[in-house]
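Only one structure is covered here, and it is reproduced in the block below.
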Amino acid sequence: MRLHHLLLVLFFVVLSAGSGFTQGVRNRLSCHRNKGVCVPSRCPRHMRQIGTCRGPPVKCCRKK
């Protein structure tokens, strides 16, 4: 029975740790932390959008 409790706790720890990766990039600092750059228009062809920097017009782009 203790093993079930331990596995349940481990399961919740893994789920809670993974939830940080699902949050979007919403500012310049988090964009740079995710190895991105802020671009005032569309992302270049060799990059993809991973979020925004200062609202909808400024995109956060990272290499594919």
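Residue numbers start at 1 in each chain; chains themselves are named A, B, ... in the order of the structure tokens; ligands are numbered from 1 in the order shown.
Neighbours of Pro57 in chain A closer than or equal to 9 Å, with only C-alpha atoms counted and sequence neighbours fewer than 3 positions away skipped, come out as Val39, Pro40, Ser41, Arg42, Thr52, Cys53 and Arg54 of chain A.
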How would the residues just picked look written out with all heavy atoms as an mmCIF file, in the first residue's frame?
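Written out: out16.cif:
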```
data_model
loop_
_atom_site.group_PDB
_atom_site.id
_atom_site.type_symbol
_atom_site.label_atom_id
_atom_site.label_comp_id
_atom_site.auth_asym_id
_atom_site.auth_seq_id
_atom_site.Cartn_x
_atom_site.Cartn_y
_atom_site.Cartn_z
ATOM 1 N N VAL A 39 11.072 39.967 -32.687
ATOM 2 C CA VAL A 39 11.022 40.480 -34.049
ATOM 3 C C VAL A 39 9.744 41.293 -34.191
ATOM 4 O O VAL A 39 8.656 40.805 -33.858
ATOM 5 C CB VAL A 39 11.035 39.314 -35.069
ATOM 6 C CG1 VAL A 39 10.957 39.825 -36.488
ATOM 7 C CG2 VAL A 39 12.263 38.455 -34.879
ATOM 8 N N PRO A 40 9.836 42.546 -34.691
ATOM 9 C CA PRO A 40 8.643 43.397 -34.770
ATOM 10 C C PRO A 40 7.647 42.994 -35.859
ATOM 11 O O PRO A 40 6.550 43.516 -35.905
ATOM 12 C CB PRO A 40 9.207 44.789 -35.044
ATOM 13 C CG PRO A 40 10.541 44.545 -35.635
ATOM 14 C CD PRO A 40 11.045 43.262 -35.058
ATOM 15 N N SER A 41 8.005 42.105 -36.737
ATOM 16 C CA SER A 41 7.077 41.670 -37.789
ATOM 17 C C SER A 41 7.003 40.146 -37.786
ATOM 18 O O SER A 41 7.128 39.527 -36.741
ATOM 19 C CB SER A 41 7.555 42.204 -39.143
ATOM 20 O OG SER A 41 8.844 41.694 -39.428
ATOM 21 N N ARG A 42 6.842 39.542 -38.943
ATOM 22 C CA ARG A 42 6.774 38.083 -39.035
ATOM 23 C C ARG A 42 8.145 37.463 -38.798
ATOM 24 O O ARG A 42 9.180 38.074 -39.058
ATOM 25 C CB ARG A 42 6.274 37.673 -40.414
ATOM 26 C CG ARG A 42 4.868 38.153 -40.678
ATOM 27 C CD ARG A 42 4.451 37.827 -42.075
ATOM 28 N NE ARG A 42 4.204 36.382 -42.174
ATOM 29 C CZ ARG A 42 3.929 35.763 -43.292
ATOM 30 N NH1 ARG A 42 3.875 36.427 -44.420
ATOM 31 N NH2 ARG A 42 3.705 34.474 -43.297
ATOM 32 N N THR A 52 5.055 35.850 -27.831
ATOM 33 C CA THR A 52 5.094 37.277 -28.118
ATOM 34 C C THR A 52 6.009 37.963 -27.113
ATOM 35 O O THR A 52 6.285 37.431 -26.043
ATOM 36 C CB THR A 52 3.689 37.904 -28.033
ATOM 37 O OG1 THR A 52 3.171 37.679 -26.730
ATOM 38 C CG2 THR A 52 2.754 37.325 -29.081
ATOM 39 N N CYS A 53 6.482 39.151 -27.476
ATOM 40 C CA CYS A 53 7.386 39.884 -26.586
ATOM 41 C C CYS A 53 6.682 41.037 -25.874
ATOM 42 O O CYS A 53 6.764 41.168 -24.673
ATOM 43 C CB CYS A 53 8.576 40.417 -27.378
ATOM 44 S SG CYS A 53 9.700 39.119 -27.896
ATOM 45 N N ARG A 54 6.005 41.877 -26.619
ATOM 46 C CA ARG A 54 5.326 43.028 -26.030
ATOM 47 C C ARG A 54 3.928 43.168 -26.599
ATOM 48 O O ARG A 54 3.553 44.211 -27.084
ATOM 49 C CB ARG A 54 6.107 44.306 -26.323
ATOM 50 C CG ARG A 54 7.416 44.372 -25.637
ATOM 51 C CD ARG A 54 8.091 45.699 -25.932
ATOM 52 N NE ARG A 54 9.510 45.567 -25.695
ATOM 53 C CZ ARG A 54 10.450 45.858 -26.559
ATOM 54 N NH1 ARG A 54 10.129 46.321 -27.744
ATOM 55 N NH2 ARG A 54 11.710 45.717 -26.250
#
```
Near Gly36 in chain A, within 6 Å and counting only C-alpha atoms, which residues show up once chain neighbours fewer than 6 positions away are dropped, as an MDAnalysis selection string?
chainID A and resid 60:62
If we count only C-alpha atoms, what is near Arg28 in chain A at a cut-off of 7 Å, once residues fewer than 2 positions away on the same chain are taken out, given as a ChimeraX atom specification?
/A:30-32,38,53
Residues from last step as file, N, CA and C atoms, as a PDB file, in the first residue's frame:
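Resulting contents of again16.pdb:
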```
ATOM      1  N   SER A  30      11.397  36.252 -20.963  1.00  0.00           N
ATOM      2  CA  SER A  30      11.110  34.825 -21.151  1.00  0.00           C
ATOM      3  C   SER A  30      11.426  34.388 -22.580  1.00  0.00           C
ATOM      4  N   CYS A  31      11.327  35.286 -23.531  1.00  0.00           N
ATOM      5  CA  CYS A  31      11.704  34.966 -24.906  1.00  0.00           C
ATOM      6  C   CYS A  31      13.195  34.648 -24.979  1.00  0.00           C
ATOM      7  N   HIS A  32      14.023  35.482 -24.370  1.00  0.00           N
ATOM      8  CA  HIS A  32      15.469  35.255 -24.390  1.00  0.00           C
ATOM      9  C   HIS A  32      15.858  34.018 -23.577  1.00  0.00           C
ATOM     10  N   CYS A  38      13.248  38.763 -30.259  1.00  0.00           N
ATOM     11  CA  CYS A  38      12.032  39.531 -30.507  1.00  0.00           C
ATOM     12  C   CYS A  38      12.118  40.169 -31.893  1.00  0.00           C
ATOM     13  N   CYS A  53       6.482  39.151 -27.476  1.00  0.00           N
ATOM     14  CA  CYS A  53       7.386  39.884 -26.586  1.00  0.00           C
ATOM     15  C   CYS A  53       6.682  41.037 -25.874  1.00  0.00           C
TER      16      CYS A  53
END
```
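Between CA of Met47 in chain A and CA of Lys35 in chain A there is a distance of 11.4 Å.
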I need the residues in range 19-58 of chain A that are strand (DSSP E or B) according to DSSP; give them as JSON, numbers by chain.
{"A": [25, 37, 38, 39, 47, 48, 49, 50, 51, 52]}
